[in-house]
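Below is the file coords_22.tsv, which contains TSV, C-alpha atoms and all ligand atoms.
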chain	number	residue	atom	x	y	z
A	1	MET	CA	-24.93	-8.10	-19.86
A	2	VAL	CA	-27.09	-5.40	-21.42
A	3	PHE	CA	-26.56	-1.91	-20.05
A	4	SER	CA	-29.56	0.26	-19.31
A	5	ASP	CA	-29.55	3.87	-20.57
A	6	ASN	CA	-29.01	4.88	-16.96
A	7	GLU	CA	-25.90	2.69	-16.66
A	8	LEU	CA	-24.55	3.82	-20.04
A	9	SER	CA	-24.85	7.40	-18.89
A	10	ARG	CA	-23.41	6.78	-15.42
A	11	TYR	CA	-20.35	4.92	-16.71
A	12	SER	CA	-19.93	6.79	-20.01
A	13	ARG	CA	-16.57	8.34	-19.07
A	14	HIS	CA	-15.20	4.88	-18.33
A	15	ILE	CA	-16.68	3.37	-21.47
A	16	LEU	CA	-15.07	6.13	-23.57
A	17	LEU	CA	-11.66	4.84	-22.49
A	18	PRO	CA	-10.61	2.19	-25.04
A	19	GLU	CA	-8.92	0.19	-22.25
A	20	VAL	CA	-12.20	-0.03	-20.34
A	21	ASP	CA	-14.97	0.07	-22.96
A	22	VAL	CA	-18.25	-1.81	-22.39
A	23	GLN	CA	-16.41	-5.07	-21.70
A	24	GLY	CA	-14.28	-3.54	-18.95
A	25	GLN	CA	-17.29	-1.92	-17.32
A	26	GLU	CA	-19.06	-5.30	-17.38
A	27	LYS	CA	-16.08	-6.83	-15.60
A	28	LEU	CA	-16.20	-4.08	-12.97
A	29	LEU	CA	-19.90	-4.68	-12.39
A	30	SER	CA	-19.24	-8.42	-11.94
A	31	ALA	CA	-16.26	-8.02	-9.56
A	32	LYS	CA	-16.15	-8.73	-5.82
A	33	VAL	CA	-13.71	-6.64	-3.80
A	34	LEU	CA	-12.97	-6.85	-0.07
A	35	ILE	CA	-11.76	-3.62	1.56
A	36	ILE	CA	-10.28	-4.17	5.02
A	37	GLY	CA	-10.26	-0.95	7.03
A	38	VAL	CA	-12.32	2.12	6.06
A	39	GLY	CA	-10.16	4.78	7.67
A	40	GLY	CA	-7.74	7.07	5.82
A	41	LEU	CA	-6.82	4.72	2.97
A	42	GLY	CA	-10.08	2.77	2.91
A	43	SER	CA	-12.22	5.90	2.49
A	44	PRO	CA	-11.00	6.87	-1.01
A	45	VAL	CA	-10.76	3.20	-2.04
A	46	ALA	CA	-14.40	2.57	-1.05
A	47	LEU	CA	-15.75	5.78	-2.59
A	48	TYR	CA	-13.86	5.41	-5.90
A	49	LEU	CA	-14.71	1.73	-6.31
A	50	ALA	CA	-18.39	2.41	-5.55
A	51	ALA	CA	-18.42	5.30	-8.02
A	52	SER	CA	-16.61	3.14	-10.60
A	53	GLY	CA	-19.35	0.51	-10.42
A	54	VAL	CA	-17.55	-2.41	-8.79
A	55	GLY	CA	-20.55	-4.71	-8.44
A	56	GLU	CA	-20.00	-6.14	-4.96
A	57	ILE	CA	-17.91	-4.45	-2.29
A	58	THR	CA	-17.43	-5.75	1.24
A	59	ILE	CA	-16.18	-3.20	3.77
A	60	ALA	CA	-14.87	-4.35	7.15
A	61	ASP	CA	-13.89	-2.28	10.17
A	62	HIS	CA	-14.58	-2.57	13.91
A	63	ASP	CA	-13.97	1.10	14.80
A	64	LYS	CA	-16.39	3.93	15.46
A	65	VAL	CA	-16.05	7.35	13.85
A	66	GLU	CA	-14.27	9.89	16.06
A	67	LEU	CA	-13.79	13.62	15.60
A	68	ASN	CA	-10.04	13.24	14.98
A	69	ASN	CA	-10.77	10.90	12.03
A	70	LEU	CA	-12.50	13.63	10.01
A	71	GLN	CA	-9.21	15.39	9.17
A	72	ARG	CA	-8.44	12.64	6.61
A	73	GLN	CA	-11.06	9.85	6.55
A	74	ILE	CA	-13.25	11.37	3.87
A	75	ALA	CA	-15.93	8.66	3.83
A	76	HIS	CA	-17.09	9.91	7.25
A	77	ASP	CA	-18.70	13.15	8.39
A	78	GLU	CA	-19.86	14.94	11.53
A	79	GLN	CA	-23.20	13.11	11.55
A	80	GLY	CA	-21.32	9.81	11.73
A	81	ILE	CA	-19.40	10.53	14.93
A	82	GLY	CA	-20.10	7.75	17.44
A	83	HIS	CA	-21.51	5.44	14.75
A	84	SER	CA	-19.64	2.50	13.23
A	85	LYS	CA	-17.23	3.37	10.42
A	86	VAL	CA	-18.81	0.76	8.15
A	87	SER	CA	-22.31	2.23	8.56
A	88	SER	CA	-20.97	5.73	7.92
A	89	CYS	CA	-18.98	4.59	4.86
A	90	TYR	CA	-21.89	2.44	3.60
A	91	GLN	CA	-24.17	5.49	3.60
A	92	ARG	CA	-21.70	7.57	1.56
A	93	MET	CA	-21.15	4.75	-0.93
A	94	ILE	CA	-24.85	4.05	-1.44
A	95	ASN	CA	-25.52	7.79	-1.86
A	96	ILE	CA	-22.99	7.78	-4.73
A	97	ASN	CA	-24.14	4.51	-6.33
A	98	SER	CA	-27.30	2.73	-5.19
A	99	HIS	CA	-27.03	0.08	-7.93
A	100	ILE	CA	-24.15	-1.91	-6.46
A	101	LYS	CA	-24.15	-4.44	-3.60
A	102	ILE	CA	-22.32	-3.35	-0.45
A	103	ASN	CA	-21.74	-5.71	2.47
A	104	PRO	CA	-20.77	-3.89	5.68
A	105	ILE	CA	-19.01	-5.97	8.36
A	106	ASN	CA	-18.85	-4.14	11.68
A	107	ASP	CA	-16.30	-6.53	13.19
A	108	LYS	CA	-12.59	-7.17	13.53
A	109	LEU	CA	-11.72	-9.23	10.47
A	110	ASN	CA	-9.48	-12.04	11.70
A	111	GLY	CA	-9.50	-15.83	12.14
A	112	GLU	CA	-12.25	-17.75	10.35
A	113	LEU	CA	-14.16	-14.60	9.42
A	114	LEU	CA	-11.09	-13.21	7.63
A	115	LEU	CA	-10.47	-16.50	5.81
A	116	SER	CA	-14.09	-16.83	4.61
A	117	GLN	CA	-14.20	-13.22	3.40
A	118	VAL	CA	-10.87	-13.49	1.57
A	119	ALA	CA	-11.98	-16.76	-0.04
A	120	ALA	CA	-15.18	-15.08	-1.30
A	121	ALA	CA	-13.40	-12.04	-2.84
A	122	ASP	CA	-11.66	-11.59	-6.19
A	123	ILE	CA	-9.33	-8.90	-4.83
A	124	VAL	CA	-8.40	-7.89	-1.27
A	125	VAL	CA	-7.46	-4.28	-0.47
A	126	ASP	CA	-5.40	-3.83	2.70
A	127	CYS	CA	-6.16	-0.44	4.25
A	128	THR	CA	-5.30	-1.39	7.84
A	129	ASP	CA	-2.97	0.40	10.22
A	130	ASN	CA	-0.72	-2.20	11.84
A	131	LEU	CA	1.73	-4.95	10.86
A	132	THR	CA	0.06	-7.78	12.84
A	133	THR	CA	-3.18	-7.39	10.87
A	134	ARG	CA	-1.26	-6.89	7.62
A	135	PHE	CA	0.61	-10.19	8.14
A	136	GLU	CA	-2.64	-12.04	8.84
A	137	ILE	CA	-4.31	-10.62	5.71
A	138	ASN	CA	-1.22	-11.55	3.65
A	139	GLN	CA	-1.29	-15.13	4.99
A	140	ALA	CA	-4.98	-15.46	4.03
A	141	CYS	CA	-4.30	-14.09	0.53
A	142	VAL	CA	-1.40	-16.54	0.05
A	143	THR	CA	-3.59	-19.44	1.28
A	144	TYR	CA	-6.39	-18.63	-1.16
A	145	LYS	CA	-4.12	-17.25	-3.94
A	146	LYS	CA	-5.93	-13.88	-4.02
A	147	TRP	CA	-4.74	-10.54	-5.31
A	148	LEU	CA	-3.64	-8.26	-2.49
A	149	VAL	CA	-3.47	-4.51	-3.13
A	150	SER	CA	-1.59	-3.09	-0.18
A	151	ALA	CA	-0.75	0.49	0.75
A	152	ALA	CA	0.48	2.19	3.90
A	153	VAL	CA	1.00	5.77	5.05
A	154	ILE	CA	2.54	7.71	7.90
A	155	ARG	CA	3.54	11.37	8.38
A	156	TRP	CA	4.35	12.61	4.81
A	157	GLU	CA	5.18	9.14	3.46
A	158	GLY	CA	3.36	6.42	1.61
A	159	GLN	CA	4.00	3.13	-0.16
A	160	ILE	CA	1.98	0.84	-2.39
A	161	SER	CA	2.41	-2.58	-3.99
A	162	VAL	CA	0.43	-5.54	-5.36
A	163	TYR	CA	0.97	-9.19	-4.46
A	164	HIS	CA	-0.33	-12.47	-5.88
A	165	CYS	CA	1.34	-15.70	-4.87
A	166	GLY	CA	-0.15	-17.54	-7.85
A	167	HIS	CA	2.10	-15.35	-10.00
A	168	PRO	CA	5.54	-17.02	-10.31
A	169	ASP	CA	7.62	-13.87	-9.69
A	170	SER	CA	5.43	-12.28	-7.04
A	171	PRO	CA	6.77	-11.77	-3.55
A	172	CYS	CA	4.29	-11.60	-0.66
A	173	TYR	CA	3.96	-8.90	1.99
A	174	HIS	CA	5.94	-11.11	4.39
A	175	CYS	CA	8.89	-11.16	1.92
A	176	PHE	CA	8.92	-7.38	2.43
A	177	TYR	CA	8.13	-6.76	6.10
A	178	GLY	CA	8.72	-10.26	7.52
A	179	GLY	CA	11.85	-9.08	9.32
A	180	ARG	CA	9.83	-6.64	11.34
A	181	ASN	CA	7.91	-7.06	14.56
A	182	ASP	CA	4.82	-4.96	15.10
A	183	SER	CA	5.36	-1.33	14.33
A	184	ARG	CA	5.86	1.13	17.14
A	185	GLN	CA	4.56	3.88	14.92
A	186	ASN	CA	1.12	4.55	13.52
A	187	CYS	CA	-0.85	7.55	12.31
A	188	SER	CA	-2.40	7.99	15.77
A	189	ASN	CA	0.93	8.63	17.49
A	190	SER	CA	3.10	9.89	14.62
A	191	GLY	CA	0.68	12.05	12.66
A	192	ILE	CA	-0.34	11.93	8.99
A	193	LEU	CA	-0.86	14.65	6.40
A	194	SER	CA	-4.46	14.37	5.23
A	195	PRO	CA	-4.08	14.27	1.41
A	196	VAL	CA	-1.25	11.72	1.56
A	197	VAL	CA	-3.84	9.03	2.41
A	198	GLY	CA	-5.93	10.28	-0.53
A	199	VAL	CA	-3.01	9.87	-2.95
A	200	LEU	CA	-2.18	6.34	-1.82
A	201	GLY	CA	-5.82	5.23	-1.45
A	202	SER	CA	-6.64	6.54	-4.92
A	203	MET	CA	-3.69	4.61	-6.33
A	204	GLN	CA	-4.98	1.44	-4.63
A	205	ALA	CA	-8.33	1.99	-6.37
A	206	ILE	CA	-6.50	2.40	-9.71
A	207	GLU	CA	-4.63	-0.88	-9.22
A	208	VAL	CA	-7.86	-2.69	-8.29
A	209	ILE	CA	-9.60	-1.44	-11.45
A	210	LYS	CA	-6.61	-2.41	-13.64
A	211	LEU	CA	-6.60	-5.93	-12.18
A	212	ILE	CA	-10.36	-6.31	-12.75
A	213	ILE	CA	-10.25	-5.16	-16.38
A	214	ASN	CA	-6.88	-6.87	-16.90
A	215	LYS	CA	-5.14	-3.85	-18.47
A	216	GLY	CA	-1.79	-2.15	-17.98
A	217	ASP	CA	1.13	-3.20	-15.78
A	218	SER	CA	0.35	-4.01	-12.17
A	219	LEU	CA	2.71	-3.27	-9.29
A	220	ILE	CA	3.58	-6.98	-8.87
A	221	GLY	CA	7.22	-7.21	-7.78
A	222	ARG	CA	7.50	-3.43	-7.43
A	223	VAL	CA	6.90	-1.06	-4.57
A	224	LEU	CA	6.28	2.66	-5.11
A	225	LEU	CA	7.47	4.88	-2.27
A	226	PHE	CA	6.26	8.47	-1.88
A	227	ASP	CA	7.84	11.31	0.09
A	228	ALA	CA	5.33	14.16	-0.07
A	229	LEU	CA	7.58	16.68	1.67
A	230	SER	CA	10.22	16.53	-1.07
A	231	MET	CA	7.61	15.43	-3.65
A	232	GLN	CA	9.69	12.44	-4.73
A	233	TRP	CA	8.59	9.00	-5.88
A	234	GLU	CA	10.93	6.00	-5.82
A	235	SER	CA	10.22	2.73	-7.59
A	236	MET	CA	11.82	-0.30	-5.99
A	237	GLN	CA	12.02	-3.91	-7.16
A	238	LEU	CA	10.89	-6.35	-4.48
A	239	PRO	CA	12.17	-9.84	-5.28
A	240	LYS	CA	10.43	-12.95	-3.95
A	241	ASN	CA	12.32	-14.24	-0.90
A	242	PRO	CA	12.89	-17.99	-1.52
A	243	ASN	CA	13.24	-18.49	2.25
A	244	CYS	CA	10.00	-16.64	3.09
A	245	SER	CA	8.11	-18.55	5.81
A	246	VAL	CA	4.77	-17.65	4.21
A	247	CYS	CA	5.22	-17.95	0.42
A	248	GLY	CA	8.63	-19.68	0.13
A	249	SER	CA	8.92	-23.26	-1.12
B	1	MET	CA	35.24	5.10	-3.35
B	2	ASN	CA	32.12	7.12	-4.24
B	3	ILE	CA	28.50	6.07	-4.00
B	4	THR	CA	25.20	7.95	-4.16
B	5	LEU	CA	23.36	8.00	-0.85
B	6	LYS	CA	19.64	8.81	-0.90
B	7	CYS	CA	17.69	9.35	2.31
B	8	PHE	CA	13.96	10.03	2.42
B	9	ALA	CA	11.42	11.30	4.92
B	10	GLY	CA	12.83	11.74	8.43
B	11	LEU	CA	16.13	10.14	7.38
B	12	ALA	CA	16.93	13.11	5.11
B	13	ARG	CA	18.55	14.83	8.10
B	14	HIS	CA	21.49	12.44	7.71
B	15	LEU	CA	22.37	13.74	4.24
B	16	PRO	CA	25.34	16.08	3.83
B	17	ALA	CA	24.67	19.78	3.14
B	18	HIS	CA	25.42	19.46	-0.60
B	19	ALA	CA	22.56	16.96	-1.09
B	20	LYS	CA	19.98	17.77	-3.77
B	21	ALA	CA	16.61	16.06	-4.25
B	22	ASN	CA	17.32	13.69	-1.35
B	23	ALA	CA	20.59	12.45	-2.93
B	24	ALA	CA	24.30	13.13	-2.41
B	25	LYS	CA	27.58	11.74	-3.72
B	26	VAL	CA	29.48	10.48	-0.67
B	27	GLU	CA	32.78	8.75	-0.09
B	28	ILE	CA	32.96	5.41	1.76
B	29	ASN	CA	35.64	2.77	2.30
B	30	GLU	CA	36.11	-0.14	-0.11
B	31	LYS	CA	34.28	-3.41	0.61
B	32	MET	CA	31.75	-2.04	3.05
B	33	SER	CA	28.52	-3.97	3.61
B	34	VAL	CA	25.11	-2.31	3.54
B	35	HIS	CA	25.00	-2.37	7.34
B	36	GLN	CA	28.51	-0.89	7.60
B	37	VAL	CA	27.53	2.02	5.34
B	38	ILE	CA	24.42	2.68	7.44
B	39	ASP	CA	26.55	2.63	10.60
B	40	PHE	CA	29.24	4.78	8.93
B	41	PHE	CA	26.73	7.63	8.50
B	42	LYS	CA	25.48	7.14	12.10
B	43	ILE	CA	22.01	6.16	10.90
B	44	ASP	CA	19.88	4.00	13.20
B	45	ARG	CA	19.52	0.55	11.52
B	46	GLU	CA	16.00	0.20	12.96
B	47	GLU	CA	14.92	3.56	11.58
B	48	ALA	CA	16.25	2.80	8.08
B	49	TYR	CA	14.05	-0.27	7.57
B	50	LEU	CA	13.71	0.05	3.81
B	51	VAL	CA	17.13	-0.49	2.23
B	52	ILE	CA	17.27	-0.23	-1.56
B	53	LEU	CA	20.50	-0.91	-3.46
B	54	ASN	CA	20.44	0.14	-7.13
B	55	GLY	CA	16.65	0.01	-7.08
B	56	VAL	CA	16.33	-3.44	-5.48
B	57	PHE	CA	15.10	-4.13	-1.90
B	58	ILE	CA	17.77	-5.75	0.29
B	59	CYS	CA	16.06	-7.86	2.97
B	60	PRO	CA	17.43	-7.67	6.55
B	61	PRO	CA	19.30	-11.05	6.55
B	62	ASP	CA	21.31	-9.94	3.47
B	63	ARG	CA	22.46	-6.57	4.81
B	64	ASP	CA	25.75	-7.88	6.28
B	65	SER	CA	26.70	-9.95	3.25
B	66	THR	CA	25.79	-7.43	0.51
B	67	ILE	CA	28.94	-5.41	-0.35
B	68	LEU	CA	28.82	-2.07	-2.16
B	69	VAL	CA	30.91	-1.23	-5.20
B	70	GLU	CA	31.92	2.08	-6.84
B	71	ASN	CA	28.97	4.18	-8.13
B	72	ASP	CA	26.29	2.14	-6.35
B	73	THR	CA	23.15	3.97	-5.25
B	74	LEU	CA	21.92	3.20	-1.73
B	75	ALA	CA	18.48	4.56	-0.80
B	76	LEU	CA	17.06	4.49	2.72
B	77	TRP	CA	13.43	4.93	3.82
B	78	PRO	CA	11.75	4.50	7.18
B	79	GLU	CA	9.14	1.78	7.62
B	80	VAL	CA	5.58	2.67	6.58
B	81	ALA	CA	2.69	0.61	7.97
B	82	GLY	CA	-0.08	3.04	8.98
B	83	GLY	CA	-3.42	3.45	7.30
A	301	ZN	ZN	6.75	-14.20	0.94

Using structure tokens, write down the structure that the file contains.
Ligand SMILES: [Zn+2]
Amino acid sequence: MVFSDNELSRYSRHILLPEVDVQGQEKLLSAKVLIIGVGGLGSPVALYLAASGVGEITIADHDKVELNNLQRQIAHDEQGIGHSKVSSCYQRMININSHIKINPINDKLNGELLLSQVAAADIVVDCTDNLTTRFEINQACVTYKKWLVSAAVIRWEGQISVYHCGHPDSPCYHCFYGGRNDSRQNCSNSGILSPVVGVLGSMQAIEVIKLIINKGDSLIGRVLLFDALSMQWESMQLPKNPNCSVCGS
Amino acid sequence: MNITLKCFAGLARHLPAHAKANAAKVEINEKMSVHQVIDFFKIDREEAYLVILNGVFICPPDRDSTILVENDTLALWPEVAGG
């Protein structure tokens, strides 16, 4: 790949990083990332990955933008109220970087559609808001052996991890939350502090970039937990559950 | 025997008054399981979904059989699944 002067200028602050360099930026421009949910977490993920020059980004969401989203879902604005979240997010992304390919899917991503989209992606980013959907995304990622970068938030709390069942020591999301039925709590009924989603979504974008350029230590087998009120981070080891009904043998 | 109990987010209300940075040295009985310690401090098992013993996640089926020893650190977090 030969970079144009325009691209060299746009991505110069990445290319200056020895861990990224021209080769890393080429990998970013060749990568395909699927972002499921463009609400609180998905907004910073989509904007940072578009700005970073991830070459092909699919965004999926079936919701419309509402006024109460604007407190934290920074990909959307007042003009977008009543329009689909993917069209609103698409517009912001393309305004930042018109040289990448963005595929908006204004639909609930489940069943065959979910499977085909996961199969087509290099990395899946889970930015959804309920356990049922999270389990289905995890199952699809295990089936197709895809990287899953998963974060969640509520109130003042957040957590993030990375899963890949092709990796011998990696647990899956079901190893972690498999003991749980669908959550009774979500951001709509429990509240969420706006910048907490920005912190966790930005960290998802960091993990995606590291996986694409193959640098650093990923969060495989570890979960980071964040309590913003006491400003504490905890790092927890998450072992693979040999009896897991999704990834166990 | 003594352990360190750490409670985060809404669970922090269960910590004793001398707790600092979400952690407190507390005294429990010998040979208590993870579940027994959670019950001992009158914490709702459902609310304390994330149970971390010495930095390692303890999955729900293992919480009756995992026994604490002197100087263990038990950290509790609520479930997080929103987005
Ligand atoms: Zn599993």

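Nearest-residue note for ligand ZN 301 (chain A): choosing from A:Val142, A:Val45, A:Ala60, A:Leu67, the minimum distance belongs to A:Val142, counting only C-alpha atoms and all ligand atoms.
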
I'd like the contact shell of Leu109 (chain A) - 12 Å cut-off, all atoms listed in the file, skipping same-chain residues fewer than 2 positions apart - returned as a PDB file with C-alpha atoms, in the coordinates of the input.
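Contents of around_20.pdb, as written:
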ATOM      1  CA  LEU A  34     -12.970  -6.850  -0.070  1.00  0.00           C
ATOM      2  CA  ILE A  35     -11.760  -3.620   1.560  1.00  0.00           C
ATOM      3  CA  ILE A  36     -10.280  -4.170   5.020  1.00  0.00           C
ATOM      4  CA  GLY A  37     -10.260  -0.950   7.030  1.00  0.00           C
ATOM      5  CA  THR A  58     -17.430  -5.750   1.240  1.00  0.00           C
ATOM      6  CA  ILE A  59     -16.180  -3.200   3.770  1.00  0.00           C
ATOM      7  CA  ALA A  60     -14.870  -4.350   7.150  1.00  0.00           C
ATOM      8  CA  ASP A  61     -13.890  -2.280  10.170  1.00  0.00           C
ATOM      9  CA  HIS A  62     -14.580  -2.570  13.910  1.00  0.00           C
ATOM     10  CA  ASP A  63     -13.970   1.100  14.800  1.00  0.00           C
ATOM     11  CA  PRO A 104     -20.770  -3.890   5.680  1.00  0.00           C
ATOM     12  CA  ILE A 105     -19.010  -5.970   8.360  1.00  0.00           C
ATOM     13  CA  ASN A 106     -18.850  -4.140  11.680  1.00  0.00           C
ATOM     14  CA  ASP A 107     -16.300  -6.530  13.190  1.00  0.00           C
ATOM     15  CA  GLY A 111      -9.500 -15.830  12.140  1.00  0.00           C
ATOM     16  CA  GLU A 112     -12.250 -17.750  10.350  1.00  0.00           C
ATOM     17  CA  LEU A 113     -14.160 -14.600   9.420  1.00  0.00           C
ATOM     18  CA  LEU A 114     -11.090 -13.210   7.630  1.00  0.00           C
ATOM     19  CA  LEU A 115     -10.470 -16.500   5.810  1.00  0.00           C
ATOM     20  CA  SER A 116     -14.090 -16.830   4.610  1.00  0.00           C
ATOM     21  CA  GLN A 117     -14.200 -13.220   3.400  1.00  0.00           C
ATOM     22  CA  VAL A 118     -10.870 -13.490   1.570  1.00  0.00           C
ATOM     23  CA  ASP A 126      -5.400  -3.830   2.700  1.00  0.00           C
ATOM     24  CA  THR A 128      -5.300  -1.390   7.840  1.00  0.00           C
ATOM     25  CA  THR A 133      -3.180  -7.390  10.870  1.00  0.00           C
ATOM     26  CA  ARG A 134      -1.260  -6.890   7.620  1.00  0.00           C
ATOM     27  CA  GLU A 136      -2.640 -12.040   8.840  1.00  0.00           C
ATOM     28  CA  ILE A 137      -4.310 -10.620   5.710  1.00  0.00           C
ATOM     29  CA  ALA A 140      -4.980 -15.460   4.030  1.00  0.00           C
TER      30      ALA A 140
END

Residues of chain B no more than 7 Å from chain A, counting all atoms listed in the file: send them over as a compact mmCIF listing (two decimals) with C-alpha atoms, in the coordinates of the input.
# COMPACT_ATOMS: atom_id res chain seq x y z
CA PHE B 8 13.96 10.03 2.42
CA ALA B 9 11.42 11.30 4.92
CA GLY B 55 16.65 0.01 -7.08
CA VAL B 56 16.33 -3.44 -5.48
CA PHE B 57 15.10 -4.13 -1.90
CA PRO B 60 17.43 -7.67 6.55
CA VAL B 80 5.58 2.67 6.58
CA ALA B 81 2.69 0.61 7.97
CA GLY B 82 -0.08 3.04 8.98
CA GLY B 83 -3.42 3.45 7.30

Problem set entry | Protein and nucleic acid residues within 6 Å of ligand ZN 301 (chain A) (all atoms listed in the file) as a PyMOL selection string | chain A and resi 171-172+174-175+241+244+246-248

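The closest residue to Ile213 (chain A), picked from A:Lys64, A:Lys101, A:His76, A:His14 and counting all atoms listed in the file, is A:His14.
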
Problem set entry | Among listed residues A:Glu207, A:Asp77, A:Asp21, A:Asp5, nearest Ser161 (chain A) (using all atoms listed in the file) |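 Selected residue with least distance to Ser161 (chain A): A:Glu207.
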
Exercise. Do you know which residues lie at most 12 Å from (35.3, -2.2, 3.2), with coordinates as in the file and all atoms listed in the file counted, and could you write them as an NGL selection string?
Worked result: :B and (1 or 27-37 or 40 or 64-70)

For this session: With a distance cut-off of 10 Å and all atoms listed in the file, select the neighbouring residues of Cys7 (chain B), excluding the residue or stretch itself and same-chain residues fewer than 5 positions from it, and output the selection as a PyMOL selection string.
Result: chain B and resi 12-15+19+21-24+48+51+74-78

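Atom pair CA of Val20 (chain A) / CA of Asn95 (chain A): separated by 24.1 Å.
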
Build an axis-aligned box that encloses every atom of region 110-128 of chain A listed in the file, pad it by 5 Å on each side, and report its centre and edge lengths in Å to one decimal, as JSON.
{"center_x": -10.2, "center_y": -9.1, "center_z": 3.0, "size_x": 19.9, "size_y": 27.3, "size_z": 28.3}

Exercise. Which protein, DNA or RNA residues are at most 7 Å from (-23.6, -1.2, -16.7) in the file's coordinates when you count only C-alpha atoms, listed as JSON, numbers by chain?
Worked result: {"A": [3, 4, 7, 8, 11, 25, 26, 29]}

Seminar exercise, completed: From CA of Ser52 (chain A) to CA of Leu70 (chain A) the spacing works out at 23.5 Å

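With all atoms listed in the file as the atoms that count, the minimum distance from Ile96 (chain A) to the choices A:Asn68, A:Leu47, A:Met203, A:Val124 is reached by A:Leu47.
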
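Between CA of Ala50 (chain A) and CA of His167 (chain A) lies a distance of 27.5 Å.
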
For this session: Would you please work out which residue, of A:Ser30, A:Asn181, A:Asn138, A:Gln79, is nearest to Glu46 (chain B) when using only C-alpha atoms?
Result: A:Asn181

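When the distance limit is 7 Å and only C-alpha atoms are what count, the residues near Asp122 (chain A), minus those fewer than 6 positions from it on the same chain, are Ala31, Lys32, Val33 and Lys146 of chain A.
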